[in-house]
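See below for the structure under consideration.
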Amino acid sequence: MGLALALLGAVSQGILWGIMVLGVFITYKLLDIADLTVDGSFALGGCVCAVLVVSGVDPLLAILAAMVAGMVAGAVTGFLHTVFEIPAILAGILTQIGLWSINLRIMGKSNTPLLKNATIFSEVTDATGLSTNVGAIIVGLIVAVVIIVALYWFFGTEIGSACRATGNNEAMVRALGVNTKVTKMIALTLSNGLVGLSGGLICESQKYADIGMGTGAIVIGLAAIVIGEVLWRVLPGAKLHAFGGRLASAVVGSVVYFLIRAIVLQMGMDANDMKLLSAIIVALALCVPVVWERYQLRRAYARASREVAAVDGSTAEGGR
Amino acid sequence: MLKLTHVSKTFNAGTINEKRALIDCNLHLASGDFVTVIGGNGAGKSTLMNMIAGVYPIDAGTIVLDGKNISRLSEPARAQYLGRVFQDPMMGTAADMQIVENLAMAKRRGKTRTLAWGVTRAEKEEYAERLRELGLGLERRLTSKVGLLSGGQRQALTLLMATLTEPKLLLLDEHTAALDPKTAAKVLALTEKIVDERHLTTLMVTHNMNDAIRLGNRLIMMHEGRIIYDVSGAEKRSLTVQDLLQKFEEVSGGELANDRMLLS
């Protein structure tokens with residue numbers, strides 16, 4: 001029973017974090033940038049949301065404010081990266097570090113509980129009588145579907161196509177008259193908006209915000225994307241390149257990540273070791289293709305050598 | 001159509017790697033001119049193209065295209081006037097995107113991007129028609145990723161993309177150099193056909209002296225950042241490779257041809 005509850009909780013968490021994973025997907029997969037702003041903008045979303053809810057703002061409005069705050073954070077990274085040509089990783093780190101102080105300023109302390117306040121989740125469970133986890137799953141699914149549809153639409157538009165192409169071939173995009181500074185700015189803003197939104201959702205679902213809640217978020221995002229891609233690839237009939245499918249697989253990857261996490265925690269692993277496990281998952285996922293290619297090369301060479309040896313051997317026999 | 005006056009560019013000025021890539025270049029192209037550009041390594045051919053396209057800002061001089069001074073415009077801002085094909089087949093297209101998506105982006109070259117759908121149904125038919133003219137069977141692969149195409153196919157596609165919206169000037173920077181001879185000949189024939197049909201003003205860098213003589217109505221030779229020879233009309237038509245080599249030695253006091261130029 002305890003395990004079932006834990007797994008249900010993991011699914012709801014996975015979906016809500018999945019919104020953040022969609023944000024990471026935009027920068028990491030489409031723009032080809034590892035944007036480290038994410039750790040900061042996730043916590044920013046949580047902090048903004050918590051402070052607003054505590055001060056009596058409508059919980060839905062608070063979540064939208066969290067999204068806007070995330071967008072501003074992304075825009076700052078975009079500004080540093082495009083206008084001043086600071087490498088993307090460094091620009092992200094600078095924003096992330098700055099946000100730590102800003103987040104503390106926003107909350108005035110290192111965590112803010114929302115124990116007595118209504119959240120969008122409590123409103124749904126109160127109105128429908130569903131359990132906390134099921135309510136969170138339903139809310140999360142609605143948000144995730146809306147966002148996937150919106151992203152699918154946006155990246156099919158002229159501006160969205162230009163954003164996708166920017167990560168693919170910047171020189172070509174400029175030659176076709178698109179200012180790639182603008183497209184990068186759009187992608188970073190959009191991405192961190194989703195991350196902030198996710199931070200706000202998590203804050204309301206767990207009923208507190210914490211200054212450290214975003215730590216390691218980028219690695220969770222990357223791990224979820226990697227898991228989602230692997231699942232998508234082994235899924236029969238799935239088209240890897242279908243864009244909607246790739247977006248959905250990012251959220252599914254997030255759910256699977258939190259399921260794995262719940263299971264290993266149930267098995268008695270220390271929660272603090274989870275970050276190490278995440279890092280190992282991502283590192284492995286990045287290593288495997290490289291190792292696989294080397295292995296293929298070596299195998300092809302060995303095969304070719306054997307064939308040559310076989311031919312040599314047979315001619316030698318013929319000569320005898 | 002295109003007028004370069006006293007254009008200069010120095011890379012890494014004031015350092016040990018200083019390179020005067022263009023020195024006081026003056027060039028005037030009439031509308032409909034098809035000019036081939038030859039010269040040894042480091043002569044400034046690609047720099048000339050990049051300066052016109054706005055990849056780097058020029059140090060001095062002016063570039064006027066169709067009466068408009070574009071010297072200080074950014075690369076994306078100049079794109080509406082220019083069609084470009086690069087030496088590297090990978091550079092002209094987005095590999096992870098479909099053939100139609102690439103064409104649709106090229107169709108919108110220089111236009112303000114909106115939130116309208118990236119590829120419309122009507123466009124697809126137009127693209128299929130244009131692809132059919134290439135004769136490579138790409139019209140049957142509209143939704144294939146460009147990354148699946150060969151170098152020659154990608155270069156032909158880039159050429160089509162560069163001319164989809166009629167450019168005031170077509171810049172071809174050794175666009176067949178990375179292809180095998182047979183494919184290069186095919187892409188070159190396509191180039192000729194498209195330029196001819198649409199009377200495009202064209203600047204084509206090539207390392208192949210035969211092509212430089214055979215194609216276009218005018219030929220310029222560059223050396224160490226300067227245009228050292230400019231020939232057109234009947235005089236150009238009667239040129240031979242031997243003439244070019246001789247001309248180069250006369251003007252520069254050195255040998256033009258490297259192995260690559262002689263072998264091709």
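Convention: chains lettered A, B, ... in structure tokens order; per-chain residue numbering from 1; ligands numbered from 1 as shown.
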Chain B residues within 10 Å of chain A, counting only C-alpha atoms: which ones, as a PyMOL selection string?
-> chain B and resi 53-55+74-86+90-97+101-102+104-119+145+158+161-162
Expected file: the selected residues, C-alpha atoms, as a CSV table (one decimal), in the first residue's frame:
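Saved file result21.csv follows:
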```csv
chain,number,residue,atom,x,y,z
B,53,ALA,CA,26.9,39.5,-47.5
B,54,GLY,CA,27.7,41.3,-44.3
B,55,VAL,CA,29.2,38.3,-42.4
B,74,SER,CA,23.8,43.5,-40.6
B,75,GLU,CA,23.9,40.2,-42.3
B,76,PRO,CA,20.2,39.3,-41.7
B,77,ALA,CA,19.2,42.8,-42.9
B,78,ARG,CA,21.0,42.3,-46.2
B,79,ALA,CA,19.6,38.8,-46.7
B,80,GLN,CA,16.5,40.1,-48.4
B,81,TYR,CA,18.6,41.2,-51.4
B,82,LEU,CA,21.0,38.3,-51.5
B,83,GLY,CA,20.9,34.6,-52.5
B,84,ARG,CA,23.8,32.7,-51.2
B,85,VAL,CA,25.3,29.2,-51.7
B,86,PHE,CA,28.3,28.2,-49.7
B,90,MET,CA,26.2,21.4,-44.8
B,91,MET,CA,26.1,25.2,-44.5
B,92,GLY,CA,23.2,26.1,-46.7
B,93,THR,CA,20.5,23.9,-45.2
B,94,ALA,CA,19.2,22.8,-41.8
B,95,ALA,CA,19.8,19.0,-41.5
B,96,ASP,CA,17.2,18.1,-38.9
B,97,MET,CA,14.4,19.8,-40.8
B,101,GLU,CA,10.6,23.3,-44.1
B,102,ASN,CA,13.9,24.4,-45.5
B,104,ALA,CA,9.6,27.5,-46.7
B,105,MET,CA,12.2,29.3,-44.6
B,106,ALA,CA,14.1,30.3,-47.8
B,107,LYS,CA,10.8,31.5,-49.3
B,108,ARG,CA,10.5,34.0,-46.4
B,109,ARG,CA,14.1,35.3,-46.8
B,110,GLY,CA,14.2,38.9,-45.7
B,111,LYS,CA,10.5,39.0,-44.7
B,112,THR,CA,9.3,39.6,-41.2
B,113,ARG,CA,8.5,36.2,-39.5
B,114,THR,CA,5.1,36.0,-37.9
B,115,LEU,CA,3.1,33.4,-36.0
B,116,ALA,CA,1.5,32.2,-39.3
B,117,TRP,CA,2.0,28.6,-40.0
B,118,GLY,CA,5.5,27.8,-41.2
B,119,VAL,CA,4.6,25.9,-44.4
B,145,LYS,CA,15.0,15.4,-43.4
B,158,THR,CA,20.5,25.3,-51.4
B,161,MET,CA,16.5,28.0,-51.9
B,162,ALA,CA,18.8,30.9,-52.8
```
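Between atom CA of Glu235 of chain B and atom CA of Ile52 of chain B the separation is 27.0 Å.
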Show which residues sit within 9 Å of Arg130 of chain B, as a ChimeraX atom specification. Count only C-alpha atoms, and ignore same-chain residues fewer than 3 positions away.
-> /B:125-127,133-134,139,160,164
Selection from above, N, CA and C atoms, as a compact mmCIF listing (two decimals), in the first residue's frame, can you write it?
```
# COMPACT_ATOMS: atom_id res chain seq x y z
N GLU B 125 2.89 22.56 -53.01
CA GLU B 125 2.76 22.23 -54.43
C GLU B 125 3.78 23.00 -55.26
N GLU B 126 3.94 24.27 -54.90
CA GLU B 126 4.92 25.08 -55.62
C GLU B 126 6.32 24.47 -55.47
N TYR B 127 6.64 24.05 -54.25
CA TYR B 127 7.98 23.49 -54.01
C TYR B 127 8.18 22.18 -54.77
N GLU B 133 11.88 20.37 -61.28
CA GLU B 133 12.76 20.97 -62.29
C GLU B 133 14.23 20.63 -62.06
N LEU B 134 14.58 20.32 -60.81
CA LEU B 134 15.97 19.95 -60.52
C LEU B 134 16.31 18.59 -61.10
N GLU B 139 11.22 15.85 -55.33
CA GLU B 139 9.81 16.20 -55.18
C GLU B 139 9.02 15.06 -54.52
N LEU B 160 18.42 26.16 -55.12
CA LEU B 160 17.00 26.44 -55.31
C LEU B 160 16.49 27.40 -54.24
N LEU B 164 14.73 31.09 -54.75
CA LEU B 164 13.28 30.90 -54.63
C LEU B 164 12.56 32.25 -54.61
```
Contacts of Phe25 of chain A within 12 Å, only C-alpha atoms, excl. fewer than 4 positions in-chain, as a ChimeraX atom specification | /A:18-21,29-35,38,148,151,164,167,187-188,190-192,194-195,218-226,228-229,243,246-251,253-254
Keeping only N, CA and C atoms, write the selected residues as a compact mmCIF listing (two decimals), in the first residue's frame.
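What follows is the written file selection_17.txt:
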```txt
# COMPACT_ATOMS: atom_id res chain seq x y z
N GLY A 18 7.61 17.54 -15.35
CA GLY A 18 7.67 17.37 -16.80
C GLY A 18 7.53 18.69 -17.56
N ILE A 19 6.81 19.64 -16.94
CA ILE A 19 6.69 20.97 -17.57
C ILE A 19 8.07 21.61 -17.64
N MET A 20 8.86 21.42 -16.56
CA MET A 20 10.22 21.94 -16.57
C MET A 20 11.05 21.23 -17.63
N VAL A 21 10.83 19.91 -17.75
CA VAL A 21 11.59 19.15 -18.74
C VAL A 21 11.31 19.67 -20.15
N LYS A 29 17.61 20.53 -26.66
CA LYS A 29 17.41 19.76 -27.89
C LYS A 29 17.23 20.65 -29.13
N LEU A 30 16.50 21.75 -28.98
CA LEU A 30 16.22 22.55 -30.16
C LEU A 30 17.29 23.61 -30.40
N LEU A 31 17.74 24.26 -29.30
CA LEU A 31 18.71 25.33 -29.46
C LEU A 31 20.14 24.81 -29.33
N ASP A 32 20.27 23.57 -28.84
CA ASP A 32 21.59 22.97 -28.66
C ASP A 32 22.44 23.74 -27.65
N ILE A 33 21.80 24.17 -26.58
CA ILE A 33 22.49 24.89 -25.51
C ILE A 33 22.13 24.18 -24.20
N ALA A 34 23.11 23.96 -23.31
CA ALA A 34 22.78 23.48 -21.97
C ALA A 34 22.59 24.73 -21.12
N ASP A 35 21.35 25.08 -20.84
CA ASP A 35 21.06 26.34 -20.16
C ASP A 35 20.96 26.11 -18.65
N VAL A 38 18.20 27.24 -15.50
CA VAL A 38 17.10 26.41 -15.03
C VAL A 38 17.06 26.22 -13.50
N ILE A 148 2.04 21.15 -24.44
CA ILE A 148 2.57 20.40 -25.58
C ILE A 148 1.87 20.86 -26.88
N LEU A 151 3.24 24.30 -27.74
CA LEU A 151 4.61 24.24 -28.26
C LEU A 151 4.61 23.67 -29.68
N ARG A 164 13.88 26.75 -34.38
CA ARG A 164 14.41 25.38 -34.52
C ARG A 164 15.64 25.37 -35.41
N GLY A 167 19.13 26.36 -33.86
CA GLY A 167 19.92 25.35 -33.18
C GLY A 167 20.60 24.39 -34.15
N ALA A 187 13.74 31.64 -27.54
CA ALA A 187 13.80 30.26 -27.03
C ALA A 187 14.17 30.24 -25.55
N LEU A 188 15.14 31.05 -25.15
CA LEU A 188 15.55 31.05 -23.74
C LEU A 188 14.44 31.58 -22.84
N LEU A 190 11.14 31.57 -23.49
CA LEU A 190 10.07 30.58 -23.48
C LEU A 190 10.43 29.41 -22.57
N SER A 191 11.64 28.92 -22.73
CA SER A 191 12.10 27.77 -21.95
C SER A 191 12.02 28.05 -20.45
N ASN A 192 12.58 29.18 -20.03
CA ASN A 192 12.59 29.46 -18.60
C ASN A 192 11.22 29.85 -18.07
N LEU A 194 8.56 28.18 -18.92
CA LEU A 194 8.01 26.86 -18.57
C LEU A 194 8.64 26.34 -17.28
N VAL A 195 9.94 26.60 -17.11
CA VAL A 195 10.63 26.15 -15.90
C VAL A 195 10.04 26.86 -14.68
N ILE A 218 18.47 21.07 -13.65
CA ILE A 218 18.92 20.87 -15.03
C ILE A 218 19.27 19.40 -15.28
N VAL A 219 19.90 18.78 -14.26
CA VAL A 219 20.29 17.38 -14.45
C VAL A 219 19.05 16.48 -14.48
N ILE A 220 18.07 16.80 -13.64
CA ILE A 220 16.81 16.04 -13.70
C ILE A 220 16.20 16.20 -15.09
N GLY A 221 16.23 17.42 -15.60
CA GLY A 221 15.67 17.68 -16.93
C GLY A 221 16.38 16.87 -18.00
N LEU A 222 17.70 16.88 -17.97
CA LEU A 222 18.47 16.14 -18.97
C LEU A 222 18.21 14.64 -18.84
N ALA A 223 18.19 14.16 -17.59
CA ALA A 223 17.95 12.73 -17.37
C ALA A 223 16.59 12.33 -17.93
N ALA A 224 15.59 13.18 -17.67
CA ALA A 224 14.24 12.86 -18.15
C ALA A 224 14.19 12.84 -19.67
N ILE A 225 14.87 13.80 -20.30
CA ILE A 225 14.89 13.85 -21.77
C ILE A 225 15.53 12.58 -22.33
N VAL A 226 16.64 12.20 -21.71
CA VAL A 226 17.36 11.02 -22.16
C VAL A 226 16.50 9.77 -22.00
N GLY A 228 13.27 9.62 -21.80
CA GLY A 228 12.15 9.73 -22.74
C GLY A 228 12.56 9.33 -24.14
N GLU A 229 13.76 9.76 -24.56
CA GLU A 229 14.22 9.42 -25.91
C GLU A 229 14.43 7.92 -26.07
N PHE A 243 7.42 15.60 -34.03
CA PHE A 243 7.74 16.59 -33.02
C PHE A 243 6.86 16.47 -31.78
N ARG A 246 8.07 13.73 -29.62
CA ARG A 246 9.30 14.06 -28.88
C ARG A 246 8.97 14.87 -27.64
N LEU A 247 8.02 15.80 -27.77
CA LEU A 247 7.62 16.61 -26.61
C LEU A 247 6.97 15.72 -25.55
N ALA A 248 6.04 14.87 -26.00
CA ALA A 248 5.36 13.99 -25.05
C ALA A 248 6.35 13.07 -24.36
N SER A 249 7.34 12.60 -25.13
CA SER A 249 8.30 11.66 -24.54
C SER A 249 9.12 12.34 -23.45
N ALA A 250 9.30 13.65 -23.54
CA ALA A 250 10.04 14.36 -22.50
C ALA A 250 9.27 14.29 -21.18
N VAL A 251 7.95 14.46 -21.25
CA VAL A 251 7.14 14.40 -20.03
C VAL A 251 7.10 12.96 -19.51
N GLY A 253 9.35 10.75 -19.92
CA GLY A 253 10.68 10.52 -19.34
C GLY A 253 10.75 11.05 -17.92
N SER A 254 10.14 12.19 -17.70
CA SER A 254 10.13 12.77 -16.37
C SER A 254 9.36 11.87 -15.39
```
May I ask which of the residues A:Gly70, A:Leu22, A:Gly199, A:Met107 is the closest one to Val145 of chain A, counting only C-alpha atoms?
-> A:Leu22
Excluding segment 62-71 of chain B and residues on its chain fewer than 3 positions from it, collect all residues at most 6 Å away from it, counting only C-alpha atoms, and give them as a list of chain:residue names.
-> B:Met1, B:Leu2, B:Lys3, B:Leu4, B:Thr5
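Atom pair atom CA of Thr201 of chain B / atom CA of Asp33 of chain B has a distance of 5.0 Å (rounded to one decimal).
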Could you pull out the residues in segment 27-65 of chain A that DSSP calls helix (DSSP H, G or I) from the backbone, as number ranges by chain?
-> A: 27-30, 37-54, 59-65
If you keep N, CA and C atoms, can you produce a file of those selected residues as a CSV table (one decimal), in the first residue's frame?
```
chain,number,residue,atom,x,y,z
A,27,THR,N,15.8,24.3,-24.9
A,27,THR,CA,17.1,24.8,-25.0
A,27,THR,C,18.1,23.7,-25.4
A,28,TYR,N,18.0,22.6,-24.7
A,28,TYR,CA,19.0,21.5,-24.9
A,28,TYR,C,18.8,20.8,-26.3
A,29,LYS,N,17.6,20.5,-26.7
A,29,LYS,CA,17.4,19.8,-27.9
A,29,LYS,C,17.2,20.6,-29.1
A,30,LEU,N,16.5,21.7,-29.0
A,30,LEU,CA,16.2,22.6,-30.2
A,30,LEU,C,17.3,23.6,-30.4
A,37,THR,N,20.5,28.3,-16.4
A,37,THR,CA,19.6,29.2,-15.7
A,37,THR,C,18.5,28.4,-14.9
A,38,VAL,N,18.2,27.2,-15.5
A,38,VAL,CA,17.1,26.4,-15.0
A,38,VAL,C,17.1,26.2,-13.5
A,39,ASP,N,18.2,25.9,-12.9
A,39,ASP,CA,18.2,25.7,-11.4
A,39,ASP,C,17.7,26.9,-10.7
A,40,GLY,N,18.1,28.1,-11.2
A,40,GLY,CA,17.7,29.3,-10.6
A,40,GLY,C,16.2,29.7,-10.9
A,41,SER,N,15.8,29.5,-12.2
A,41,SER,CA,14.5,30.0,-12.5
A,41,SER,C,13.4,29.0,-12.0
A,42,PHE,N,13.8,27.8,-11.8
A,42,PHE,CA,12.8,26.9,-11.2
A,42,PHE,C,12.5,27.3,-9.7
A,43,ALA,N,13.6,27.6,-9.0
A,43,ALA,CA,13.4,28.0,-7.6
A,43,ALA,C,12.7,29.4,-7.6
A,44,LEU,N,13.0,30.2,-8.6
A,44,LEU,CA,12.4,31.5,-8.7
A,44,LEU,C,10.9,31.4,-8.8
A,45,GLY,N,10.5,30.5,-9.7
A,45,GLY,CA,9.1,30.3,-9.9
A,45,GLY,C,8.4,29.8,-8.6
A,46,GLY,N,9.1,28.9,-7.9
A,46,GLY,CA,8.5,28.4,-6.6
A,46,GLY,C,8.4,29.6,-5.6
A,47,CYS,N,9.5,30.4,-5.4
A,47,CYS,CA,9.5,31.4,-4.5
A,47,CYS,C,8.4,32.5,-4.7
A,48,VAL,N,8.4,32.9,-6.0
A,48,VAL,CA,7.4,33.9,-6.4
A,48,VAL,C,6.0,33.4,-6.1
A,49,CYS,N,5.7,32.2,-6.5
A,49,CYS,CA,4.4,31.6,-6.3
A,49,CYS,C,4.1,31.5,-4.8
A,50,ALA,N,5.0,31.1,-4.0
A,50,ALA,CA,4.8,30.9,-2.5
A,50,ALA,C,4.5,32.2,-1.9
A,51,VAL,N,5.3,33.2,-2.2
A,51,VAL,CA,5.1,34.5,-1.5
A,51,VAL,C,3.7,35.1,-1.9
A,52,LEU,N,3.4,35.0,-3.2
A,52,LEU,CA,2.1,35.5,-3.7
A,52,LEU,C,0.9,34.8,-3.0
A,53,VAL,N,1.0,33.5,-2.9
A,53,VAL,CA,-0.1,32.7,-2.3
A,53,VAL,C,-0.3,33.1,-0.9
A,54,VAL,N,0.9,33.2,-0.2
A,54,VAL,CA,0.8,33.5,1.3
A,54,VAL,C,0.2,34.9,1.5
A,59,PRO,N,-4.3,31.5,-6.3
A,59,PRO,CA,-3.2,30.5,-6.6
A,59,PRO,C,-2.9,30.3,-8.1
A,60,LEU,N,-4.0,30.5,-8.9
A,60,LEU,CA,-3.7,30.3,-10.4
A,60,LEU,C,-2.9,31.5,-10.9
A,61,LEU,N,-3.3,32.7,-10.4
A,61,LEU,CA,-2.5,33.9,-10.8
A,61,LEU,C,-1.1,33.8,-10.3
A,62,ALA,N,-0.9,33.2,-9.1
A,62,ALA,CA,0.4,33.1,-8.6
A,62,ALA,C,1.3,32.2,-9.5
A,63,ILE,N,0.7,31.2,-10.0
A,63,ILE,CA,1.4,30.3,-10.9
A,63,ILE,C,1.8,31.0,-12.2
A,64,LEU,N,0.9,31.8,-12.7
A,64,LEU,CA,1.2,32.6,-14.0
A,64,LEU,C,2.3,33.6,-13.7
A,65,ALA,N,2.3,34.2,-12.5
A,65,ALA,CA,3.3,35.1,-12.1
A,65,ALA,C,4.7,34.4,-12.1
```
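Taking atom CA of Trp232 of chain A and atom CA of Val252 of chain A as endpoints, the distance between them is 9.3 Å.
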Pick out the residues sitting within 12 Å of Leu284 of chain A, and hand them over as number ranges by chain; count only C-alpha atoms, and ignore anything fewer than 5 positions along from it in its own chain.
-> A: 222-223, 226-227, 277-279, 289-292
Put those residues in a file: N, CA and C atoms, as an mmCIF file, in the first residue's frame.
```cif
data_model
loop_
_atom_site.group_PDB
_atom_site.id
_atom_site.type_symbol
_atom_site.label_atom_id
_atom_site.label_comp_id
_atom_site.auth_asym_id
_atom_site.auth_seq_id
_atom_site.Cartn_x
_atom_site.Cartn_y
_atom_site.Cartn_z
ATOM 1 N N LEU A 222 17.705 16.881 -17.968
ATOM 2 C CA LEU A 222 18.467 16.142 -18.975
ATOM 3 C C LEU A 222 18.209 14.641 -18.841
ATOM 4 N N ALA A 223 18.190 14.156 -17.589
ATOM 5 C CA ALA A 223 17.955 12.729 -17.370
ATOM 6 C C ALA A 223 16.588 12.333 -17.927
ATOM 7 N N VAL A 226 16.643 12.203 -21.707
ATOM 8 C CA VAL A 226 17.361 11.018 -22.157
ATOM 9 C C VAL A 226 16.498 9.767 -22.001
ATOM 10 N N ILE A 227 15.880 9.619 -20.838
ATOM 11 C CA ILE A 227 15.017 8.456 -20.595
ATOM 12 C C ILE A 227 13.870 8.447 -21.598
ATOM 13 N N LEU A 277 22.778 9.624 -8.562
ATOM 14 C CA LEU A 277 22.170 8.694 -9.513
ATOM 15 C C LEU A 277 21.751 9.435 -10.800
ATOM 16 N N SER A 278 21.164 10.630 -10.635
ATOM 17 C CA SER A 278 20.763 11.421 -11.809
ATOM 18 C C SER A 278 21.970 11.741 -12.673
ATOM 19 N N ALA A 279 23.030 12.170 -11.996
ATOM 20 C CA ALA A 279 24.238 12.540 -12.741
ATOM 21 C C ALA A 279 24.770 11.338 -13.506
ATOM 22 N N PRO A 289 26.508 6.539 -26.706
ATOM 23 C CA PRO A 289 26.662 6.654 -28.168
ATOM 24 C C PRO A 289 28.123 6.683 -28.623
ATOM 25 N N VAL A 290 28.974 7.346 -27.832
ATOM 26 C CA VAL A 290 30.390 7.445 -28.191
ATOM 27 C C VAL A 290 31.052 6.067 -28.133
ATOM 28 N N VAL A 291 30.795 5.373 -27.027
ATOM 29 C CA VAL A 291 31.383 4.043 -26.852
ATOM 30 C C VAL A 291 30.861 3.098 -27.930
ATOM 31 N N TRP A 292 29.565 3.197 -28.204
ATOM 32 C CA TRP A 292 28.933 2.328 -29.204
ATOM 33 C C TRP A 292 29.588 2.525 -30.577
#
```
Go through segment 135-176 of chain B residue by residue and, counting only C-alpha atoms, keep those with an atom at most 12 Å from segment 37-49 of chain B; for each kept residue give the shortest atom pair and its distance in Å to one decimal, ordered by chain and increasing number, as CSV.
```
residue,atom,partner,partner_atom,distance
B:Leu169,CA,B:Met49,CA,11.0
B:Leu170,CA,B:Met49,CA,10.1
B:Leu171,CA,B:Met49,CA,6.8
B:Leu172,CA,B:Met49,CA,8.2
B:Asp173,CA,B:Ser46,CA,6.6
B:Glu174,CA,B:Ser46,CA,8.6
B:His175,CA,B:Ser46,CA,11.3
```
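Within segment 20-181 of chain A, residues classed as strand (DSSP E or B) by DSSP on backbone coordinates are Asn111, Thr112, Pro113 and Thr157 of chain A.
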Just write the chosen residues, N, CA and C atoms, as a PDB file, in the first residue's frame.
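Dumped everything to again.pdb:
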```pdb
ATOM      1  N   ASN A 111      12.763  29.331   3.423  1.00  0.00           N
ATOM      2  CA  ASN A 111      11.620  28.581   2.914  1.00  0.00           C
ATOM      3  C   ASN A 111      10.309  29.183   3.371  1.00  0.00           C
ATOM      4  N   THR A 112       9.288  28.923   2.582  1.00  0.00           N
ATOM      5  CA  THR A 112       7.964  29.478   2.856  1.00  0.00           C
ATOM      6  C   THR A 112       6.928  28.362   2.781  1.00  0.00           C
ATOM      7  N   PRO A 113       6.328  27.984   3.892  1.00  0.00           N
ATOM      8  CA  PRO A 113       5.278  26.957   3.844  1.00  0.00           C
ATOM      9  C   PRO A 113       3.917  27.565   3.492  1.00  0.00           C
ATOM     10  N   THR A 157       5.192  27.448 -36.512  1.00  0.00           N
ATOM     11  CA  THR A 157       5.003  28.760 -37.146  1.00  0.00           C
ATOM     12  C   THR A 157       6.309  29.244 -37.766  1.00  0.00           C
TER      13      THR A 157
END
```
Which residues, written as an MDAnalysis selection string, have at least one atom at most 9 Å from Leu3 of chain A, with only C-alpha atoms counted and residues fewer than 2 positions away on the same chain left out?
-> chainID A and resid 1 5:8 262:263 266
